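Structure record follows, encoded as C-alpha cells.
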There are 2 protein chains.
Amino acid sequence: MASNLLIRNVRPMGGINGDILIEAGRITRIEPGLAILDVRVEDGGGRIVIPGLVEAHTHLDKSLIGMPWYRNEVGPRLMDKIDNEREAKTRLGIDPIRQSRRQVLASVAQGTTHIRSHVDVDTVNGLAGVEGVMRTREELRDIVDIEIVAFPQSGMMSRPGTVGVMQKALELGADVVGGLDPAGIDRDPKGHLDAVFDLAQRFGRPIDIHLHEPGELGAFSLELIMERTRAVGMQGKVAISHAFCLGMPNVEYVGRLIDELAELSIQILTTGPASQPSPPVAKLRAAGVVVGAGNDGIRDTWGPYGNGDMLERAMFVGLRNNFRRDDELEVALDVCTRGGAQVMALERYGLAPGCWGDVVLLEGETVADAVVSHLPRALVVKRGTVVARAGTMEPDPSA
Amino acid sequence: MASNLLIRNVRPMGGINGDILIEAGRITRIEPGLAILDVRVEDGGGRIVIPGLVEAHTHLDKSLIGMPWYRNEVGPRLMDKIDNEREAKTRLGIDPIRQSRRQVLASVAQGTTHIRSHVDVDTVNGLAGVEGVMRTREELRDIVDIEIVAFPQSGMMSRPGTVGVMQKALELGADVVGGLDPAGIDRDPKGHLDAVFDLAQRFGRPIDIHLHEPGELGAFSLELIMERTRAVGMQGKVAISHAFCLGMPNVEYVGRLIDELAELSIQILTTGPASQPSPPVAKLRAAGVVVGAGNDGIRDTWGPYGNGDMLERAMFVGLRNNFRRDDELEVALDVCTRGGAQVMALERYGLAPGCWGDVVLLEGETVADAVVSHLPRALVVKRGTVVARAGTMEPDPSA
C-alpha cells in the first residue's frame, strides 16, 4: 500500500513551515506553498513533523496488553523472571499472535513506523513466538515494518537443543541473531558467543545481543563480542542492547570500550533505564557510536511498565541522561528516530525527498516540548497512508 | 467549604467495593450499600479510591507553565542554573502569583490535595515569591492545602542579608525553614546549618533542606544535620529533600546513616531521579524512615520536564527503585500519598471515618495498574466537594 498525500502547514523537526508531498508512498517534495491538485490533503495545523518513531528494542511476543491484570510476585533474580515467564506462557495463555498484534497497534497509534522485536526461542515453546509474530507482521505489513530477532531468552549453551531451534527460527524468517548475557545467564561466554557468531555467519544475518551484565563482567563479554566482530569482519552488523556495563564508574575503561565500539561500528540500544547503570548517550554519540532506543517489554511478566510510546521513551532517555537543554532533548528524539533506523539499517528513512512517506505530526511548540509533553500524536502516516489520528488507529482495527 | 457527598461503588485502595459518605467535609462512613437520602451522589463506577495525592516537594513560584517555550541553553553547573534563574525571573516575567496558580490547578486536576512548596527567598527578589504563593494559597484555599517553605535558593551565608529575608518570610507566613547544600552551594556547612536551625528554633517551625551533595560530602552534611536535630530536640521535625548521598555505593555507611535517620525520625523526600544516585526507598521504609515524594520543579528554567502529576511520580519512584511487583508499586503510591502526608504532619489524612473527605478516584484494575497507567483522574474531591472530573477542573477556573 503506497499512497499519495499532501500534508500542508507542518514544521519539519520544529523548523520552518512547509508542505510535504508524498507520491507512491515516497516523499517527493518538501517546500512551502505547494500547489498540487488531485491529491488527498491533510492540514498539519503548523504542527511539528518528524520521521516515524523507531522502536528498536522490544518483545512483541510477551506483552500482556489487554489481558487481565497480572499480579507480579516474581522473585528478584533474572533467572526467577525467565523461569516464571517460560511457564506463564502456557498458564496464562499468552498467545503471541494476539499479543503481538495488540502491542503493534498500540505502538503504531503512537507514531511508531518500524519495530525490531526480539522473540523468544527455546526448547519448551519452540518457534511458537516467531511464528506468531510473523503472522502479525504479515497481517500488518501495510502499517508497520517489523524485524524479528531470534532470541534465546532461556539460555543457549545451558539448554541443549536451543542452537538447533535458533537455526530453525532463522530458516523460518527471523532476520537477526539474538544473544543474552553470555556469562551471567548462559555461564559460557565463549561457547555462547561462538554459537551466535557462527549462526550469523552461516545465515548472513546481523547480531543483536542483550547484555545486562554489570561492570567488569559486562565489559569482558563486550570485549569478547568486539574480538569476534573484528575477527569475522562483521563491522556495522552487531548491536548491543542495554549494555549496562558502559554505565560503570570506571570512566577511563568505559572510554576505551567506547572508542573500540566506534571503530567497529557496533551500535548500542538503550531504554534509558532509571534503576540501572546506563550507556552514556552523549559520550557514545560524540565518539561516533550509533545509539538507538526501545521500550523493551511492555506490561509483561517481567514488569508492569510501558505503553509502547517511543516519544515518551525519548523523555526517559532524556531523564536518564540528565538532558535538560533543548539541544539535548533533540538528541533524545534523534535516538528514538534516526538512531534506531541506523541500527536497523533502514533504507530511505528520513524527512527528505526520496525517503518513504513515514511521518508523524507532533503537538508542541518545539521538539523539546513535544518530547516532554508527548501528547497523543496528531497524525501518523505510513508510506503516504494515514494510519492513526489523535492517538487512535484509523480505521480502528479492533472495530 | 466543607460539603456532604456520597460516593457509591468504589474500591478503597483497590480492595472490596463500598460506598463513602462525606459529611461536613469529613469521611463519616465507608461501607457497602449505604442507604442515605438527601445527599449529592457520585457513582464511582467500581473505580479505585485513594486519599488525595500529596505533592511534598515542588517549587510553585518558578514554573513556566502556560508561558512561551523557554529554550534552555543553561550551563551544566548548579550555580549556572541558580544564577540564570534569579536573573530570568525579571527577564521572562515569571509572575509568582500567576505561575503558582497555574501549577496548582494543573496539580489539583490530577488529584493532588496537599502541596509543600519551596519558594525562593533571596536579596534580589526578596519576598516576591512568598507573597505571590501566599496570594494563590488564599485564593485556592477551598481546593488545596499549601505549605510554604522559605527557601534560600541562591545561598544564605554566601549572600549576606539572606538570613534577614528568611526571617521576614517566616514572619510573613512561610511555614517551614528551608536550606540548600550547606557545603556544595553555601560553602559553609556549619554557618548554614546553624542559621537554619536557629531560625527554626526561634520561630518554632519544622525544617526541610535540599541536599544534592553527592557521596561522602552529602553524608557529612547529613551528619551535621543529624547532630543538630539531636542537640536541639527537633526529632520528627526535620526533612531532607533529594538526599542523593543515600544512593552512594558504600552501602555499609549508608546503612548507618539510615539507622540514625530512623532514630531521629528525620524524613526523606525524593523525586525518584533517573540520572542521580537516589535514596533507597524500600530500605529506608524497612528501617522505619518516612519517605515522601514530589515532582520538584515543573517545566522551569532548570529543566523542561514535569506536569504536576503525583500518580505519574509514583511510577517514576517505582522505575527508579526497580519496583516491579504489585506490592512494590503499592509502596510507590504510599510514598506519594501517606508518606508525604506524614512529612507534612497532616491531620485527619487518610481513607477512614474521621479523615477529611479528600479523595481521588483512579482508573485501573489494581493499584499497580493505576500507577503505571496513570490515566486522567476520574474524580477529585476536596473536603467533600468535587473539584475535578476526568482530569479537568470543575468548574473550569480558567473559564
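Ordering of the C-alpha cells sets the chain letters (A, B, ...), residue numbers begin anew at 1 in every chain, and ligands are numbered from 1 in the order given.
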Report task. May I have all residues of segment 57-306 of chain A that DSSP, computed from the backbone, assigns to alpha helix (DSSP H), given as an MDAnalysis selection string? Result -> chainID A and resid 78:88 96:109 128:139 162:172 189:203 215:232 251:263 281:286
Take the residues that were just selected and, keeping C-alpha atoms, output them as a short mmCIF file (atom, residue, chain, number, x, y, z; two decimals), in the first residue's frame.
```
data_model
loop_
_atom_site.label_atom_id
_atom_site.label_comp_id
_atom_site.auth_asym_id
_atom_site.auth_seq_id
_atom_site.Cartn_x
_atom_site.Cartn_y
_atom_site.Cartn_z
CA LEU A 78 16.97 -12.68 36.46
CA MET A 79 16.54 -16.46 36.35
CA ASP A 80 13.39 -16.21 38.52
CA LYS A 81 11.85 -13.97 35.87
CA ILE A 82 13.00 -16.15 32.97
CA ASP A 83 11.72 -19.39 34.52
CA ASN A 84 8.46 -17.75 35.60
CA GLU A 85 7.80 -16.40 32.14
CA ARG A 86 8.53 -19.61 30.22
CA GLU A 87 5.99 -21.39 32.39
CA ALA A 88 3.50 -18.47 32.40
CA PRO A 96 1.98 -14.49 20.53
CA ILE A 97 -0.26 -13.71 17.54
CA ARG A 98 -2.90 -11.90 19.57
CA GLN A 99 -0.48 -10.18 21.91
CA SER A 100 1.98 -9.02 19.26
CA ARG A 101 -0.93 -7.61 17.28
CA ARG A 102 -2.16 -5.67 20.30
CA GLN A 103 1.24 -4.22 21.05
CA VAL A 104 1.92 -3.31 17.43
CA LEU A 105 -1.37 -1.43 17.16
CA ALA A 106 -0.67 0.43 20.40
CA SER A 107 2.76 1.40 19.07
CA VAL A 108 1.62 2.47 15.61
CA ALA A 109 -1.15 4.61 17.09
CA ALA A 128 5.61 -20.55 18.56
CA GLY A 129 6.69 -16.98 19.28
CA VAL A 130 8.45 -16.46 15.97
CA GLU A 131 5.55 -17.97 14.04
CA GLY A 132 3.09 -15.77 15.93
CA VAL A 133 4.96 -12.52 15.37
CA MET A 134 5.46 -13.45 11.71
CA ARG A 135 1.69 -13.81 11.37
CA THR A 136 1.19 -10.35 12.85
CA ARG A 137 3.96 -8.95 10.65
CA GLU A 138 2.22 -10.27 7.58
CA GLU A 139 -1.20 -9.04 8.63
CA THR A 162 18.46 -24.37 21.72
CA VAL A 163 21.02 -23.70 18.97
CA GLY A 164 19.03 -26.03 16.73
CA VAL A 165 15.81 -24.12 17.44
CA MET A 166 17.64 -20.84 16.80
CA GLN A 167 18.72 -22.21 13.42
CA LYS A 168 15.14 -23.20 12.59
CA ALA A 169 13.97 -19.70 13.54
CA LEU A 170 16.41 -18.18 11.09
CA GLU A 171 15.35 -20.63 8.38
CA LEU A 172 11.73 -19.73 9.08
CA PRO A 189 30.68 -16.73 27.33
CA LYS A 190 32.97 -18.33 24.74
CA GLY A 191 30.50 -21.06 23.82
CA HIS A 192 27.55 -18.66 23.66
CA LEU A 193 29.26 -16.05 21.51
CA ASP A 194 30.88 -18.61 19.21
CA ALA A 195 27.41 -20.03 18.58
CA VAL A 196 25.86 -16.59 17.99
CA PHE A 197 28.55 -15.52 15.54
CA ASP A 198 28.50 -18.91 13.81
CA LEU A 199 24.75 -18.62 13.18
CA ALA A 200 25.19 -15.05 11.95
CA GLN A 201 27.95 -16.07 9.57
CA ARG A 202 26.12 -19.11 8.22
CA PHE A 203 22.88 -17.20 7.59
CA GLY A 215 30.58 -3.57 35.37
CA GLU A 216 33.71 -5.53 34.61
CA LEU A 217 31.82 -8.74 33.81
CA GLY A 218 29.77 -7.00 31.13
CA ALA A 219 32.90 -5.30 29.84
CA PHE A 220 34.57 -8.72 29.50
CA SER A 221 31.66 -10.05 27.46
CA LEU A 222 31.73 -6.85 25.40
CA GLU A 223 35.41 -7.43 24.70
CA LEU A 224 34.65 -10.97 23.53
CA ILE A 225 31.94 -9.58 21.23
CA MET A 226 34.32 -6.97 19.83
CA GLU A 227 37.06 -9.57 19.26
CA ARG A 228 34.66 -11.72 17.23
CA THR A 229 33.22 -8.76 15.33
CA ARG A 230 36.72 -7.84 14.23
CA ALA A 231 37.82 -11.43 13.52
CA VAL A 232 34.93 -12.25 11.19
CA VAL A 251 35.11 6.08 33.05
CA GLU A 252 38.64 5.56 31.77
CA TYR A 253 37.89 1.90 30.97
CA VAL A 254 34.48 2.85 29.57
CA GLY A 255 36.18 5.41 27.34
CA ARG A 256 38.43 2.73 25.83
CA LEU A 257 35.45 0.42 25.27
CA ILE A 258 33.54 3.24 23.57
CA ASP A 259 36.45 4.01 21.27
CA GLU A 260 36.60 0.39 20.18
CA LEU A 261 32.81 0.22 19.70
CA ALA A 262 33.10 3.24 17.41
CA GLU A 263 35.99 1.72 15.49
CA VAL A 281 24.27 8.53 25.24
CA ALA A 282 26.04 11.86 24.69
CA LYS A 283 29.51 10.33 25.09
CA LEU A 284 28.69 7.44 22.77
CA ARG A 285 27.41 9.75 20.06
CA ALA A 286 30.34 12.12 20.45
#
```
Closest-contact table, chain A side, partner chain B, 7 Å, counting only C-alpha atoms, as CSV:
```
residue,atom,partner,partner_atom,distance
A:Trp69,CA,B:Glu365,CA,6.6
A:Arg71,CA,B:Asp326,CA,6.0
A:Asn72,CA,B:Arg325,CA,4.6
A:Glu73,CA,B:Arg325,CA,5.4
A:Val74,CA,B:Arg325,CA,6.8
A:Ala274,CA,B:Ala274,CA,4.4
A:Ser275,CA,B:Arg320,CA,4.6
A:Gly303,CA,B:Arg324,CA,4.9
A:Pro304,CA,B:Arg324,CA,6.5
A:Tyr305,CA,B:Val372,CA,5.6
A:Leu319,CA,B:Ala274,CA,5.9
A:Arg320,CA,B:Ser275,CA,4.6
A:Asn321,CA,B:Ser275,CA,5.8
A:Asn322,CA,B:Ser275,CA,5.4
A:Arg324,CA,B:Gly303,CA,4.9
A:Arg325,CA,B:Asn72,CA,4.6
A:Asp326,CA,B:Asn72,CA,5.5
A:Glu365,CA,B:Trp69,CA,6.6
A:Val372,CA,B:Tyr305,CA,5.6
```
DSSP-assigned strand (DSSP E or B) among segment 156-379 of chain A, expressed as a PDB file with C-alpha atoms, in the first residue's frame:
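Contents of the output file out05.pdb:
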```pdb
ATOM      1  CA  VAL A 176      18.621 -11.128  13.231  1.00  0.00           C
ATOM      2  CA  VAL A 177      20.593 -13.452  15.525  1.00  0.00           C
ATOM      3  CA  GLY A 178      19.977 -12.664  19.190  1.00  0.00           C
ATOM      4  CA  GLY A 179      22.007 -13.454  22.259  1.00  0.00           C
ATOM      5  CA  LEU A 180      21.779 -12.980  26.017  1.00  0.00           C
ATOM      6  CA  ILE A 207      23.515  -9.713  15.532  1.00  0.00           C
ATOM      7  CA  ASP A 208      21.761  -8.050  18.484  1.00  0.00           C
ATOM      8  CA  ILE A 209      22.830  -9.252  21.928  1.00  0.00           C
ATOM      9  CA  HIS A 210      21.099  -8.459  25.252  1.00  0.00           C
ATOM     10  CA  LEU A 211      23.903  -7.557  27.659  1.00  0.00           C
ATOM     11  CA  VAL A 238      26.457  -6.007  15.501  1.00  0.00           C
ATOM     12  CA  ALA A 239      24.299  -4.268  18.090  1.00  0.00           C
ATOM     13  CA  ILE A 240      24.413  -4.492  21.882  1.00  0.00           C
ATOM     14  CA  SER A 241      21.150  -3.976  23.751  1.00  0.00           C
ATOM     15  CA  HIS A 242      21.139  -2.485  27.278  1.00  0.00           C
ATOM     16  CA  GLN A 267      25.614   0.002  17.774  1.00  0.00           C
ATOM     17  CA  ILE A 268      24.122   0.450  21.228  1.00  0.00           C
ATOM     18  CA  LEU A 269      20.433   0.163  22.104  1.00  0.00           C
ATOM     19  CA  THR A 270      19.149   1.635  25.355  1.00  0.00           C
ATOM     20  CA  VAL A 291      22.623   4.793  19.615  1.00  0.00           C
ATOM     21  CA  GLY A 292      19.031   3.659  19.199  1.00  0.00           C
ATOM     22  CA  ALA A 293      16.329   3.071  21.780  1.00  0.00           C
ATOM     23  CA  ASP A 296      11.780  -3.204  25.910  1.00  0.00           C
ATOM     24  CA  ASP A 300       4.660  -8.369  30.761  1.00  0.00           C
ATOM     25  CA  GLY A 303       7.247  -5.807  34.975  1.00  0.00           C
ATOM     26  CA  TRP A 356       9.481   6.728   2.439  1.00  0.00           C
ATOM     27  CA  VAL A 359       5.927  10.646   9.121  1.00  0.00           C
ATOM     28  CA  VAL A 360       4.370  11.683  12.409  1.00  0.00           C
ATOM     29  CA  LEU A 361       2.800  15.002  13.387  1.00  0.00           C
ATOM     30  CA  LEU A 362       3.540  16.046  16.966  1.00  0.00           C
ATOM     31  CA  LEU A 379      -1.326  12.131  12.677  1.00  0.00           C
TER      32      LEU A 379
END
```
Requested in this report: Could you check which of B:Gln110, B:Phe151, B:Met67, B:Val331 is closest to Leu127 of chain B, using only C-alpha atoms?
Outcome: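 The answer is B:Phe151, which sits nearest to Leu127 of chain B.
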Requested in this report: Pick out the residues sitting within 10 Å of Ile27 of chain A, and hand them over as a VMD selection string; count only C-alpha atoms, and ignore anything fewer than 6 positions along from it in its own chain.
Outcome: chain A and resid 4 to 6 20 to 21 348 350 to 359 383 to 384
**Report entry** Pairwise distance for atom CA of Thr112 of chain A and atom CA of Val54 of chain A, rounded to one decimal in Å
**Finding:**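 Distance between the two atoms: 5.6 Å.
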Requested in this report: Could you tell me which of B:Gly18, B:Pro214, B:Pro12, B:Gly111 comes closest to Glu55 of chain B if we count only C-alpha atoms?
Outcome: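 Checking each candidate against Glu55 of chain B, we get B:Gly111 as the closest.
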Report task. Write out as a PyMOL selection string the residues lying within 6 Å of Ala174 of chain B, counting only C-alpha atoms and excluding same-chain residues fewer than 5 positions away. Result -> chain B and resi 148-150+169
Query - Among the residues B:Lys382, B:Gly46, B:Val290, B:Glu31, the one that comes closest to Ala345 of chain B [using only C-alpha atoms] - result: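 Under the stated criterion, the closest residue is B:Val290.
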